[in-house]
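With mmCIF, N, CA and C atoms and all ligand atoms inside, this is run-v3.cif:
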```
data_query
loop_
_atom_site.label_atom_id
_atom_site.label_comp_id
_atom_site.auth_asym_id
_atom_site.auth_seq_id
_atom_site.Cartn_x
_atom_site.Cartn_y
_atom_site.Cartn_z
N MET A 300 2.95 142.87 116.73
CA MET A 300 2.58 142.04 117.87
C MET A 300 1.08 142.23 118.16
N ASN A 301 0.34 141.13 118.33
CA ASN A 301 -1.10 141.31 118.58
C ASN A 301 -1.35 141.74 120.04
N PRO A 302 -2.49 142.41 120.27
CA PRO A 302 -2.76 143.01 121.59
C PRO A 302 -2.73 141.99 122.73
N LYS A 303 -3.17 140.76 122.46
CA LYS A 303 -3.18 139.73 123.51
C LYS A 303 -1.76 139.40 123.94
N GLU A 304 -0.86 139.21 122.94
CA GLU A 304 0.53 138.89 123.29
C GLU A 304 1.15 140.05 124.05
N PHE A 305 0.83 141.27 123.62
CA PHE A 305 1.37 142.46 124.26
C PHE A 305 0.95 142.52 125.73
N ALA A 306 -0.36 142.28 125.97
CA ALA A 306 -0.86 142.30 127.35
C ALA A 306 -0.19 141.18 128.15
N PHE A 307 -0.10 140.00 127.54
CA PHE A 307 0.51 138.85 128.22
C PHE A 307 1.96 139.17 128.61
N LEU A 308 2.71 139.78 127.68
CA LEU A 308 4.12 140.09 127.96
C LEU A 308 4.26 141.08 129.12
N HIS A 309 3.37 142.09 129.15
CA HIS A 309 3.42 143.06 130.25
C HIS A 309 3.19 142.36 131.59
N ILE A 310 2.16 141.49 131.61
CA ILE A 310 1.85 140.79 132.86
C ILE A 310 3.02 139.90 133.25
N PHE A 311 3.53 139.15 132.28
CA PHE A 311 4.65 138.24 132.48
C PHE A 311 5.86 138.98 133.04
N HIS A 312 6.19 140.13 132.41
CA HIS A 312 7.33 140.96 132.82
C HIS A 312 7.17 141.37 134.29
N LEU A 313 5.98 141.84 134.64
CA LEU A 313 5.78 142.34 136.00
C LEU A 313 5.69 141.21 137.02
N VAL A 314 5.06 140.09 136.65
CA VAL A 314 4.97 138.97 137.60
C VAL A 314 6.39 138.43 137.88
N ALA A 315 7.20 138.27 136.81
CA ALA A 315 8.58 137.80 137.00
C ALA A 315 9.34 138.79 137.90
N LEU A 316 9.07 140.08 137.73
CA LEU A 316 9.72 141.10 138.57
C LEU A 316 9.30 140.98 140.03
N LEU A 317 8.00 140.69 140.26
CA LEU A 317 7.53 140.53 141.64
C LEU A 317 8.23 139.34 142.29
N VAL A 318 8.34 138.23 141.55
CA VAL A 318 9.02 137.05 142.09
C VAL A 318 10.48 137.38 142.38
N LEU A 319 11.14 138.03 141.40
CA LEU A 319 12.56 138.38 141.57
C LEU A 319 12.74 139.27 142.80
N THR A 320 11.87 140.28 142.95
CA THR A 320 11.98 141.21 144.08
C THR A 320 11.76 140.48 145.41
N GLY A 321 10.67 139.71 145.47
CA GLY A 321 10.33 139.02 146.72
C GLY A 321 11.45 138.10 147.17
N TYR A 322 11.92 137.25 146.27
CA TYR A 322 12.95 136.28 146.66
C TYR A 322 14.30 136.94 146.88
N THR A 323 14.56 138.06 146.21
CA THR A 323 15.83 138.76 146.46
C THR A 323 15.84 139.27 147.90
N PHE A 324 14.72 139.84 148.36
CA PHE A 324 14.69 140.32 149.74
C PHE A 324 14.73 139.15 150.73
N PHE A 325 14.11 138.04 150.38
CA PHE A 325 14.20 136.85 151.24
C PHE A 325 15.66 136.43 151.41
N ALA A 326 16.44 136.56 150.31
CA ALA A 326 17.84 136.10 150.32
C ALA A 326 18.67 136.83 151.38
N PHE A 327 18.25 138.04 151.77
CA PHE A 327 19.02 138.79 152.78
C PHE A 327 18.84 138.22 154.18
N ALA A 328 17.80 137.40 154.38
CA ALA A 328 17.53 136.90 155.73
C ALA A 328 17.35 135.39 155.79
N GLY A 329 17.21 134.74 154.63
CA GLY A 329 16.92 133.31 154.60
C GLY A 329 18.10 132.48 155.13
N PRO A 330 17.81 131.34 155.79
CA PRO A 330 18.87 130.46 156.27
C PRO A 330 19.72 129.91 155.12
N ALA A 331 20.98 129.54 155.43
CA ALA A 331 21.92 129.11 154.39
C ALA A 331 21.39 127.92 153.58
N ASP A 332 20.59 127.03 154.22
CA ASP A 332 20.13 125.85 153.48
C ASP A 332 19.05 126.17 152.44
N THR A 333 18.60 127.42 152.37
CA THR A 333 17.63 127.79 151.33
C THR A 333 18.33 128.37 150.10
N ARG A 334 19.67 128.54 150.19
CA ARG A 334 20.41 129.25 149.15
C ARG A 334 20.18 128.70 147.74
N ARG A 335 20.36 127.38 147.61
CA ARG A 335 20.24 126.77 146.27
C ARG A 335 18.87 127.04 145.65
N ARG A 336 17.82 126.81 146.45
CA ARG A 336 16.44 126.97 145.94
C ARG A 336 16.18 128.44 145.60
N VAL A 337 16.60 129.34 146.50
CA VAL A 337 16.32 130.77 146.27
C VAL A 337 17.09 131.26 145.04
N LEU A 338 18.36 130.84 144.89
CA LEU A 338 19.13 131.28 143.72
C LEU A 338 18.55 130.71 142.42
N ALA A 339 18.00 129.50 142.50
CA ALA A 339 17.37 128.93 141.30
C ALA A 339 16.15 129.77 140.92
N ILE A 340 15.35 130.13 141.93
CA ILE A 340 14.12 130.90 141.65
C ILE A 340 14.46 132.30 141.13
N THR A 341 15.41 132.99 141.78
CA THR A 341 15.75 134.35 141.31
C THR A 341 16.40 134.28 139.92
N GLY A 342 17.17 133.22 139.68
CA GLY A 342 17.83 133.08 138.37
C GLY A 342 16.80 132.93 137.26
N ILE A 343 15.80 132.08 137.50
CA ILE A 343 14.77 131.86 136.47
C ILE A 343 13.93 133.14 136.30
N ALA A 344 13.54 133.75 137.43
CA ALA A 344 12.72 134.98 137.36
C ALA A 344 13.47 136.07 136.60
N SER A 345 14.77 136.19 136.89
CA SER A 345 15.56 137.22 136.23
C SER A 345 15.63 136.99 134.72
N LEU A 346 15.79 135.72 134.34
CA LEU A 346 15.84 135.39 132.91
C LEU A 346 14.50 135.74 132.24
N LEU A 347 13.40 135.47 132.95
CA LEU A 347 12.08 135.75 132.37
C LEU A 347 11.85 137.26 132.23
N VAL A 348 12.36 138.05 133.19
CA VAL A 348 12.26 139.52 133.08
C VAL A 348 12.99 139.95 131.81
N LEU A 349 14.21 139.42 131.65
CA LEU A 349 15.03 139.82 130.50
C LEU A 349 14.37 139.42 129.18
N LEU A 350 13.91 138.16 129.10
CA LEU A 350 13.35 137.68 127.83
C LEU A 350 12.07 138.43 127.47
N SER A 351 11.19 138.65 128.46
CA SER A 351 9.95 139.38 128.15
C SER A 351 10.27 140.82 127.78
N GLY A 352 11.26 141.41 128.45
CA GLY A 352 11.67 142.79 128.12
C GLY A 352 12.22 142.87 126.71
N ILE A 353 13.07 141.91 126.35
CA ILE A 353 13.66 141.93 125.00
C ILE A 353 12.59 141.72 123.92
N ARG A 354 11.64 140.83 124.21
CA ARG A 354 10.55 140.60 123.23
C ARG A 354 9.71 141.89 123.05
N MET A 355 9.46 142.61 124.16
CA MET A 355 8.68 143.86 124.03
C MET A 355 9.51 144.93 123.31
N TRP A 356 10.80 144.96 123.62
CA TRP A 356 11.69 145.92 122.95
C TRP A 356 11.65 145.69 121.44
N GLN A 357 11.71 144.41 121.06
CA GLN A 357 11.66 144.07 119.64
C GLN A 357 10.28 144.40 119.05
N GLY A 358 9.23 143.92 119.72
CA GLY A 358 7.87 144.03 119.19
C GLY A 358 7.36 145.47 119.14
N VAL A 359 7.70 146.27 120.17
CA VAL A 359 7.15 147.62 120.25
C VAL A 359 8.08 148.63 119.59
N PHE A 360 9.38 148.43 119.76
CA PHE A 360 10.32 149.47 119.31
C PHE A 360 11.31 148.99 118.25
N GLY A 361 11.16 147.76 117.77
CA GLY A 361 12.06 147.24 116.72
C GLY A 361 13.53 147.35 117.10
N PHE A 362 13.82 147.13 118.38
CA PHE A 362 15.21 147.17 118.90
C PHE A 362 15.88 148.55 118.73
N THR A 363 15.06 149.61 118.63
CA THR A 363 15.66 150.96 118.58
C THR A 363 16.48 151.18 119.86
N ALA A 364 17.72 151.68 119.67
CA ALA A 364 18.59 151.90 120.85
C ALA A 364 18.11 153.15 121.59
N MET A 365 17.61 152.96 122.83
CA MET A 365 17.12 154.09 123.62
C MET A 365 17.77 154.02 124.99
N GLY A 366 18.16 155.18 125.50
CA GLY A 366 18.88 155.23 126.77
C GLY A 366 18.17 154.50 127.89
N TRP A 367 16.84 154.67 127.98
CA TRP A 367 16.13 154.08 129.12
C TRP A 367 16.18 152.55 129.10
N ILE A 368 16.26 151.97 127.90
CA ILE A 368 16.36 150.50 127.82
C ILE A 368 17.72 150.06 128.39
N PHE A 369 18.79 150.79 128.02
CA PHE A 369 20.11 150.40 128.52
C PHE A 369 20.19 150.65 130.02
N GLY A 370 19.51 151.71 130.49
CA GLY A 370 19.45 151.96 131.94
C GLY A 370 18.78 150.79 132.64
N LYS A 371 17.67 150.31 132.04
CA LYS A 371 16.97 149.16 132.63
C LYS A 371 17.85 147.92 132.61
N LEU A 372 18.60 147.74 131.54
CA LEU A 372 19.50 146.57 131.48
C LEU A 372 20.53 146.65 132.61
N GLY A 373 21.03 147.88 132.88
CA GLY A 373 21.99 148.06 133.98
C GLY A 373 21.35 147.70 135.32
N CYS A 374 20.12 148.20 135.54
CA CYS A 374 19.41 147.89 136.80
C CYS A 374 19.18 146.39 136.91
N TRP A 375 18.79 145.79 135.79
CA TRP A 375 18.52 144.34 135.77
C TRP A 375 19.78 143.55 136.17
N LEU A 376 20.93 143.99 135.61
CA LEU A 376 22.20 143.30 135.92
C LEU A 376 22.49 143.38 137.42
N GLY A 377 22.31 144.57 137.99
CA GLY A 377 22.54 144.76 139.42
C GLY A 377 21.60 143.90 140.25
N LEU A 378 20.31 143.88 139.88
CA LEU A 378 19.33 143.11 140.65
C LEU A 378 19.62 141.61 140.56
N THR A 379 20.06 141.18 139.37
CA THR A 379 20.35 139.77 139.18
C THR A 379 21.51 139.31 140.05
N ALA A 380 22.47 140.20 140.26
CA ALA A 380 23.64 139.83 141.09
C ALA A 380 23.28 139.80 142.58
N MET A 381 22.19 140.48 142.94
CA MET A 381 21.94 140.77 144.35
C MET A 381 21.66 139.55 145.22
N SER A 382 20.89 138.57 144.74
CA SER A 382 20.54 137.46 145.63
C SER A 382 21.78 136.64 145.98
N GLY A 383 22.69 136.47 145.02
CA GLY A 383 23.95 135.77 145.31
C GLY A 383 24.75 136.52 146.36
N LEU A 384 24.84 137.84 146.17
CA LEU A 384 25.57 138.68 147.14
C LEU A 384 24.90 138.64 148.51
N ALA A 385 23.56 138.60 148.49
CA ALA A 385 22.81 138.66 149.75
C ALA A 385 23.18 137.50 150.68
N PHE A 386 23.40 136.31 150.11
CA PHE A 386 23.77 135.16 150.96
C PHE A 386 25.22 135.25 151.42
N ARG A 387 26.08 135.84 150.57
CA ARG A 387 27.52 135.84 150.88
C ARG A 387 27.94 137.02 151.74
N LYS A 388 27.23 138.14 151.62
CA LYS A 388 27.65 139.36 152.32
C LYS A 388 26.58 139.82 153.30
N ARG A 389 26.27 138.94 154.25
CA ARG A 389 25.24 139.26 155.24
C ARG A 389 25.59 140.51 156.05
N GLU A 390 26.91 140.73 156.25
CA GLU A 390 27.30 141.90 157.05
C GLU A 390 26.95 143.21 156.34
N SER A 391 26.76 143.15 155.01
CA SER A 391 26.39 144.37 154.27
C SER A 391 24.93 144.37 153.87
N ALA A 392 24.11 143.53 154.53
CA ALA A 392 22.71 143.36 154.10
C ALA A 392 21.96 144.69 154.03
N ASN A 393 22.14 145.55 155.03
CA ASN A 393 21.36 146.80 155.03
C ASN A 393 21.68 147.67 153.83
N THR A 394 22.99 147.83 153.56
CA THR A 394 23.39 148.64 152.41
C THR A 394 22.88 148.02 151.12
N LEU A 395 23.05 146.69 151.00
CA LEU A 395 22.65 146.03 149.75
C LEU A 395 21.14 146.08 149.54
N MET A 396 20.38 146.07 150.64
CA MET A 396 18.92 146.18 150.48
C MET A 396 18.54 147.57 149.97
N VAL A 397 19.25 148.59 150.45
CA VAL A 397 18.98 149.95 149.95
C VAL A 397 19.34 150.02 148.47
N VAL A 398 20.49 149.42 148.10
CA VAL A 398 20.90 149.42 146.68
C VAL A 398 19.83 148.71 145.84
N THR A 399 19.31 147.58 146.34
CA THR A 399 18.27 146.84 145.61
C THR A 399 17.05 147.73 145.37
N LEU A 400 16.62 148.42 146.44
CA LEU A 400 15.45 149.29 146.30
C LEU A 400 15.70 150.41 145.29
N VAL A 401 16.90 151.00 145.37
CA VAL A 401 17.24 152.10 144.45
C VAL A 401 17.21 151.59 143.01
N LEU A 402 17.77 150.39 142.77
CA LEU A 402 17.78 149.83 141.40
C LEU A 402 16.36 149.60 140.90
N LEU A 403 15.49 149.09 141.79
CA LEU A 403 14.10 148.84 141.39
C LEU A 403 13.38 150.15 141.07
N ILE A 404 13.56 151.13 141.95
CA ILE A 404 12.88 152.41 141.75
C ILE A 404 13.40 153.07 140.46
N ALA A 405 14.71 152.97 140.23
CA ALA A 405 15.30 153.57 139.03
C ALA A 405 14.72 152.91 137.77
N ALA A 406 14.65 151.56 137.76
CA ALA A 406 14.16 150.87 136.56
C ALA A 406 12.70 151.22 136.27
N VAL A 407 11.87 151.26 137.32
CA VAL A 407 10.46 151.60 137.11
C VAL A 407 10.34 153.07 136.65
N SER A 408 11.11 153.96 137.28
CA SER A 408 11.04 155.38 136.92
C SER A 408 11.47 155.60 135.47
N LEU A 409 12.49 154.86 135.02
CA LEU A 409 12.96 155.01 133.64
C LEU A 409 11.82 154.79 132.65
N VAL A 410 10.99 153.76 132.93
CA VAL A 410 9.88 153.47 132.02
C VAL A 410 8.93 154.66 131.96
N TYR A 411 8.49 155.11 133.15
CA TYR A 411 7.43 156.13 133.15
C TYR A 411 7.95 157.53 132.82
N LEU A 412 9.25 157.74 132.93
CA LEU A 412 9.79 159.06 132.58
C LEU A 412 10.22 159.15 131.12
N PHE A 413 10.68 158.01 130.55
CA PHE A 413 11.31 158.09 129.22
C PHE A 413 10.69 157.25 128.12
N ASP A 414 9.85 156.28 128.46
CA ASP A 414 9.23 155.47 127.41
C ASP A 414 8.32 156.37 126.57
N PRO A 415 8.64 156.56 125.27
CA PRO A 415 7.87 157.49 124.44
C PRO A 415 6.38 157.11 124.35
N ARG A 416 6.06 155.83 124.57
CA ARG A 416 4.66 155.40 124.52
C ARG A 416 3.87 155.87 125.75
N LEU A 417 4.59 156.08 126.84
CA LEU A 417 3.89 156.36 128.10
C LEU A 417 3.97 157.82 128.53
N ILE A 418 4.77 158.65 127.80
CA ILE A 418 4.79 160.06 128.17
C ILE A 418 3.95 160.86 127.18
N HIS A 419 3.16 161.73 127.72
CA HIS A 419 2.25 162.49 126.84
C HIS A 419 2.50 163.98 127.01
C1 LIG A 501 14.90 145.61 136.84
C2 LIG A 501 14.37 145.47 135.92
C3 LIG A 501 13.09 146.00 135.31
C4 LIG A 501 12.01 146.65 135.86
C5 LIG A 501 11.79 147.06 137.32
C6 LIG A 501 11.08 146.88 134.78
C7 LIG A 501 9.84 147.49 134.93
C8 LIG A 501 8.96 147.69 133.92
C9 LIG A 501 7.68 148.33 134.05
C10 LIG A 501 7.10 148.88 135.35
C11 LIG A 501 7.12 148.37 132.83
C12 LIG A 501 5.82 149.07 132.47
C13 LIG A 501 4.63 148.29 132.18
C14 LIG A 501 3.52 149.27 131.77
O1 LIG A 501 2.91 149.86 132.66
O2 LIG A 501 3.32 149.48 130.59
C15 LIG A 501 8.03 147.76 131.90
C16 LIG A 501 7.83 147.64 130.55
C17 LIG A 501 8.83 147.33 129.65
N1 LIG A 501 10.08 146.85 129.94
FE1 LIG A 501 10.82 146.51 131.77
N2 LIG A 501 11.62 146.38 133.61
C18 LIG A 501 12.85 145.84 133.91
C19 LIG A 501 13.73 145.26 133.03
C20 LIG A 501 13.64 145.34 131.66
C21 LIG A 501 14.64 144.92 130.72
C22 LIG A 501 15.96 144.26 131.11
C23 LIG A 501 14.17 145.23 129.47
C24 LIG A 501 14.79 145.06 128.10
C25 LIG A 501 15.77 144.45 127.76
C26 LIG A 501 12.86 145.82 129.63
C27 LIG A 501 12.06 146.27 128.60
C28 LIG A 501 10.77 146.72 128.75
C29 LIG A 501 9.92 147.12 127.63
C30 LIG A 501 10.30 147.13 126.17
C31 LIG A 501 8.69 147.50 128.19
C32 LIG A 501 7.44 147.93 127.43
C33 LIG A 501 7.28 149.41 127.38
C34 LIG A 501 6.02 149.78 126.63
O3 LIG A 501 5.03 149.05 126.66
O4 LIG A 501 6.03 150.85 126.01
N3 LIG A 501 12.58 145.86 130.97
N4 LIG A 501 9.16 147.35 132.59
#
```
Written form, structure tokens:
Amino acid sequence: MNPKEFAFLHIFHLVALLVLTGYTFFAFAGPADTRRRVLAITGIASLLVLLSGIRMWQGVFGFTAMGWIFGKLGCWLGLTAMSGLAFRKRESANTLMVVTLVLLIAAVSLVYLFDPRLIH
């Protein structure tokens, strides 16, 4: 993978994550008539996180099976489910927001604790 594509994928991955995070938290408080638009945005952002992550996994690690990648996939699955849950389970918003934060912190920590490229 050339350095430009690599840099682009990192930016893409993180920008999609920012959009996913922002709109997921909006989903906990947004009015019901915003549901369709918010779920469309989080759905697309989530797909872009996954695709950019898979492309980096392939390009950097040749799809080597590593625990931290599967951990991130688990966090990603939880985060992807969250905006739908946020509109339906308003009574559990506080708990679900804590779960969302924990999933985000876990996914970011996995990279910096276990990615062999980033630990020295
Ligand atoms: C909730 C979801 C996720 C979060 C919060 C997250 C976060 C991050 C962060 C912070 C980086 C580091 C960028 C850097 O400083 O180099 C990164 C890189 C990466 N992510 Fe994700 N990610 C998520 C989901 C995924 C998924 C689902 C995959 C794979 C299927 C994935 C694969 C990767 C790969 C391969 C890298 C590049 C590591 C490297 O350059 O050595 N990520 N991610």
Once you count only N, CA and C atoms and all ligand atoms, which residues end up within 6 Å of ligand LIG 501 (chain A), and could you hand them over as JSON, numbers by chain?
-> {"A": [309, 348, 349, 351, 352, 353, 355, 356, 357, 368, 371, 372, 374, 375, 402, 403, 406, 407, 410, 414, 416, 417]}
List every residue of chain A that DSSP, applied to the backbone of this structure, places in alpha helix (DSSP H), and write the result as a ChimeraX atom specification.
-> /A:302-326,334-360,366-387,392-413
Atom CA of Phe305 of chain A and atom CA of Pro415 of chain A are how many Å apart?
->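 Between atom CA of Phe305 of chain A and atom CA of Pro415 of chain A the gap works out to 16.4 Å.
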List the neighbours of Thr323 of chain A out to 7 Å using all atoms listed in the file; skip same-chain residues closer than 4 positions along the sequence, and give me the result as a list in words.
-> Val318, Leu319, Phe327, Thr341, Met381 and Ser382 of chain A
How would the residues just chosen look if you wrote them out with N, CA and C atoms as a compact mmCIF listing (two decimals), in the frame of the given file?
```txt
# COMPACT_ATOMS: atom_id res chain seq x y z
N VAL A 318 8.34 138.23 141.55
CA VAL A 318 9.02 137.05 142.09
C VAL A 318 10.48 137.38 142.38
N LEU A 319 11.14 138.03 141.40
CA LEU A 319 12.56 138.38 141.57
C LEU A 319 12.74 139.27 142.80
N PHE A 327 18.25 138.04 151.77
CA PHE A 327 19.02 138.79 152.78
C PHE A 327 18.84 138.22 154.18
N THR A 341 15.41 132.99 141.78
CA THR A 341 15.75 134.35 141.31
C THR A 341 16.40 134.28 139.92
N MET A 381 22.19 140.48 142.94
CA MET A 381 21.94 140.77 144.35
C MET A 381 21.66 139.55 145.22
N SER A 382 20.89 138.57 144.74
CA SER A 382 20.54 137.46 145.63
C SER A 382 21.78 136.64 145.98
```
Suppose you want the space between atom CA of Met365 of chain A and atom C of Thr394 of chain A; what is it in Å?
-> 28.7 Å
Enter the distance from atom CA of Gly370 of chain A to atom N of Phe413 of chain A, in Å, rounded to one decimal.
->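 One can read the atom CA of Gly370 of chain A to atom N of Phe413 of chain A distance as 10.7 Å.
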Given the choices A:Ala326, A:Ala315, A:Ala392, A:Ile418, which gets closest to Leu338 of chain A if the distance is worked out from only N, CA and C atoms?
->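 The answer is A:Ala326, which sits nearest to Leu338 of chain A.
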Minimum-distance residue to Met396 of chain A, chosen among A:Ala328, A:Leu350, A:Ile340, A:Leu412 (using only C-alpha atoms) |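 Going through A:Ala328, A:Leu350, A:Ile340, A:Leu412 one by one, the smallest distance to Met396 of chain A is for A:Ala328.
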Taking all atoms listed in the file into account, which of A:Asn301, A:Thr379, A:Phe360, A:Thr333 comes nearest Leu346 of chain A?
->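 Closest to Leu346 of chain A, using all atoms listed in the file: A:Thr379.
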Nearest candidate to Ser345 of chain A (options A:Ser408, A:Thr399, A:Ser391, A:Thr320; using all atoms listed in the file) =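 Between A:Ser408, A:Thr399, A:Ser391, A:Thr320, the residue approaching Ser345 of chain A most closely is A:Thr320.
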Which of A:Leu384, A:Ala344, A:Ala331, A:Ala364 sits closest to Leu317 of chain A [using only N, CA and C atoms] |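 Nearest candidate to Leu317 of chain A out of A:Leu384, A:Ala344, A:Ala331, A:Ala364: A:Ala344.
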From the list A:Gly342, A:Leu409, A:Leu308, A:Leu395, which residue is nearest Gly366 of chain A when using all atoms listed in the file?
-> A:Leu409
